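K.L.:
The structure that follows is given in the form of structure tokens.
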Amino acid sequence: MTADAAASPGIRQVEIAALSPRAELRAVIRAAVVLLVAVGLYLAAQARAARDEGSAAGRNLLPYQTLIQGHTVVEQQMFRMLQVALLEAQNLRSVSGSWPAVAALAELGIEPFVPDPTNRGAQYAWRMMRNGPTVNYLGLPDRAAAPAWLMILQEPDPTMPAEPYQNDEEHARLLDGTVLHVSIWRHAGGAQVTTAPVRLPQAEGWTQVFAIGPSMSH
Amino acid sequence: MSAFYAWVGGLAQNGLLPSDFQYPFLVRGFLCVLVLAPILGGLSHLVVTRRMAFFSAALGQAALTGVAIGLLLGEPLNAPYGGMFGFCLITTLGMVYVKRHSTLPPDTLIGVFHALTLGLGLCLLVLLTRQFNVHQVESVLFGSLLTVTDGDLLLLLAVGIVVAVLLVRQYNKLLLDSLSPPLASVAGAESAFLEYFFAILLTLSIVVSLKVIGALLVEALVLVPAASARNIARGTRQYFVWSVIVAFMAGVGGLGVSTRLLVPTGGAVVLAASAIFFLTLAIGRLARRRGSRAEQPDAG
């Protein structure tokens, strides 16, 4: 810019001073420290809240998972019966080589497959469905307000290496050492459930129910 | 929120809404898309103009590492916000500072950070898999509506409002600085401040969208809407508006595909966005061809 141009009206001279690198670094470090302190306080508050809650299991639940302890007594009873039924079905599978039909389980008196006439609550119609390596035991209630229940047992893929067994709620082992993926699910809207095999229960409105919590590493 | 989901479910059962809306997770997903579209779409055109596409990719990887750090520090699996926000914001500050004061090209520097955060994230993930179910962590990589909670939705809304307000306040200066930093400096905008400011806004937006889109693909939703809008927009305003529209259409379309075909949400959304990009590319070419044909008779 010439001296004449700088002196003429209408032209404004502006000094643009770059921020010094040292000043900028100080500002960045200060901001980082503030962030670390804020995160530290947040984590401390979280840890305190978790201690007050008293249970670590509930903190690791995904939106489609729940603990049975928060449900009604009737549903807790159903969950316990299904846990036992799961074990019985696995034993029969180990002995016979195939998953037992609902009628076979009922003949052996295994609850909840046996109708209970003294039960004043919803009565369930159970059916077994197979979809490849996955077996579903689906219970539909006779009352619209009652939840539907589902047991899913998934056999391993024979083309894949054997999976190590984990002693938790999502794994089971047959007598021959075959490791299964097992789970129990609940659908709040029992009347809405169809009788088709369930492919992805969490995407179809089902909630996975645990006694203690999700399994640790797979 | 349960009452709201029940009400929406009732509308779905009565046929006033698609039947999929009877599931709360889908309602949450749709609400997330409604909030994410203006955020990411609105930032998208500035990201492209400021050539920060690779920066966004590095941020996505940093978010994965942030999740791993948060979980190792004892945060709940479903909400490792401390680790995510803390690590990503500190990484952003570091990246911008190094980029501003290094003689190396920006893409090289961002590549270094990209590799660093990815390597750190992978090492931490190995430690994590000994403590957590790795399938639950996979949702952070690819996005899953099934893991989005009401808390995530509220956080998304809060961050969305903050980002929108701050962006509106500084938009003119940001745009001028994107097009010509010397001109912006003369006009009174501090280029250094704006660079950090925009990078932090982008970081906040990317971190809150992770659960829906996933760390590996969030960069695409920051980039593709603007790229699509560029094909058909005729001015800055249209550029912004079309970016938001494309982001919304990609979000809704991807949501529908993800629910029907049971594929990861992030992948479905990015595929939808890419399809829209190629469509706008074709539309833009046709429009330009028609425009040049209309001019030809005058030239003759």
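Residue numbering restarts at 1 for every chain of the structure tokens, chains are lettered A, B, ... in their displayed order, and ligands are numbered from 1 as they appear.
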Only residues of chain A matter here; which ones have an atom within 10 Å of chain B, counting only C-alpha atoms? Give them as a ChimeraX atom specification.
P.N.:
/A:12-19,21,24-25,27-29,31-33,35-43,46-47,50,56-65,192,199-200,202-206,214-218
K.L.:
What is the distance between atom CA of Leu217 of chain B and atom CA of Gly266 of chain B, in Å to one decimal?
P.N.:
6.2 Å
K.L.:
As an MDAnalysis selection string, please: the residues near Asn136 of chain A (cut-off 12 Å, only C-alpha atoms, same-chain neighbours under 3 positions excluded).
P.N.:
chainID A and resid 86 89 99:102 126:133 139 149:155 181:185 195:201
K.L.:
With distances taken over only C-alpha atoms, which residue among A:Ala23, A:Pro9, A:Ala172, A:Ala188 lies nearest Asn91 of chain A?
P.N.:
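That would be A:Ala172, the residue with the smallest distance to Asn91 of chain A.
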K.L.:
Which residues, written as a list in words, have at least one atom at most 10 Å from Gly119 of chain B, with only C-alpha atoms counted and residues fewer than 4 positions away on the same chain left out?
P.N.:
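Here the qualifying residues turn out to be Gln61, Ala62, Thr65, Phe113, His114, Ala115, Cys123, Leu124 and Leu125 of chain B.
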K.L.:
Let's have the selection written as a compact mmCIF listing (two decimals), in the first residue's frame, with C-alpha atoms.
P.N.:
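Saved result, selection-v4.txt, follows:
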```txt
# COMPACT_ATOMS: atom_id res chain seq x y z
CA GLN B 61 -11.13 -43.00 15.90
CA ALA B 62 -10.31 -40.83 18.90
CA THR B 65 -10.26 -44.69 22.19
CA PHE B 113 -2.89 -38.40 15.14
CA HIS B 114 -5.22 -40.79 13.34
CA ALA B 115 -2.66 -43.58 13.62
CA CYS B 123 -4.40 -51.73 22.63
CA LEU B 124 -6.99 -50.56 25.13
CA LEU B 125 -9.69 -52.67 23.48
```
K.L.:
Just want the 12 Å neighbourhood of Ser243 of chain B, counted on only C-alpha atoms, with same-chain residues fewer than 6 positions away dropped. Output as a ChimeraX atom specification.
P.N.:
/B:36-48,221-233,236-237,249-250,273,276-277,280
K.L.:
If you count only C-alpha atoms, which residues fall within 6 Å of Val140 of chain B, apart from same-chain ones fewer than 2 positions away, as number ranges by chain?
P.N.:
B: 137-138, 142-143, 211, 214
K.L.:
Can you list, as a list in words, all residues belonging to segment 65-163 of chain A that DSSP tags as strand (DSSP E)?
P.N.:
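Matching residues for strand (DSSP E) in segment 65-163 of chain A are Gln65, Thr66, Leu67, Tyr124, Ala125, Trp126, Arg127, Met128, Met129, Arg130, Asn131, Thr134, Val135, Asn136, Tyr137, Leu138, Gly139, Leu140, Pro141, Ala148, Trp149, Leu150, Met151, Ile152, Leu153 and Gln154 of chain A.
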K.L.:
Find the spatial neighbours of Tyr165 of chain A, counting only C-alpha atoms, within a cut-off of 12 Å - ignore same-chain residues fewer than 2 positions away - and output them as a ChimeraX atom specification.
P.N.:
/A:156,162-163,167-174,177-181,215-218
K.L.:
List every residue of segment 51-214 of chain B that DSSP, applied to the backbone, labels as alpha helix (DSSP H), and write the result as a ChimeraX atom specification.
P.N.:
/B:53-72,81-101,106-129,134-142,150-179,181-186,191-208,210-213
K.L.:
In terms of the shortest atom-to-atom distance over only C-alpha atoms, which of A:Met78, A:Arg186, A:Ala45, A:Arg30 is closest to Thr207 of chain A?
P.N.:
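Between A:Met78, A:Arg186, A:Ala45, A:Arg30, the residue approaching Thr207 of chain A most closely is A:Arg186.
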K.L.:
For a test of reading the model, state the distance in Å between atom CA of Leu194 of chain B and atom CA of Val168 of chain B, rounded to one decimal.
P.N.:
13.1 Å
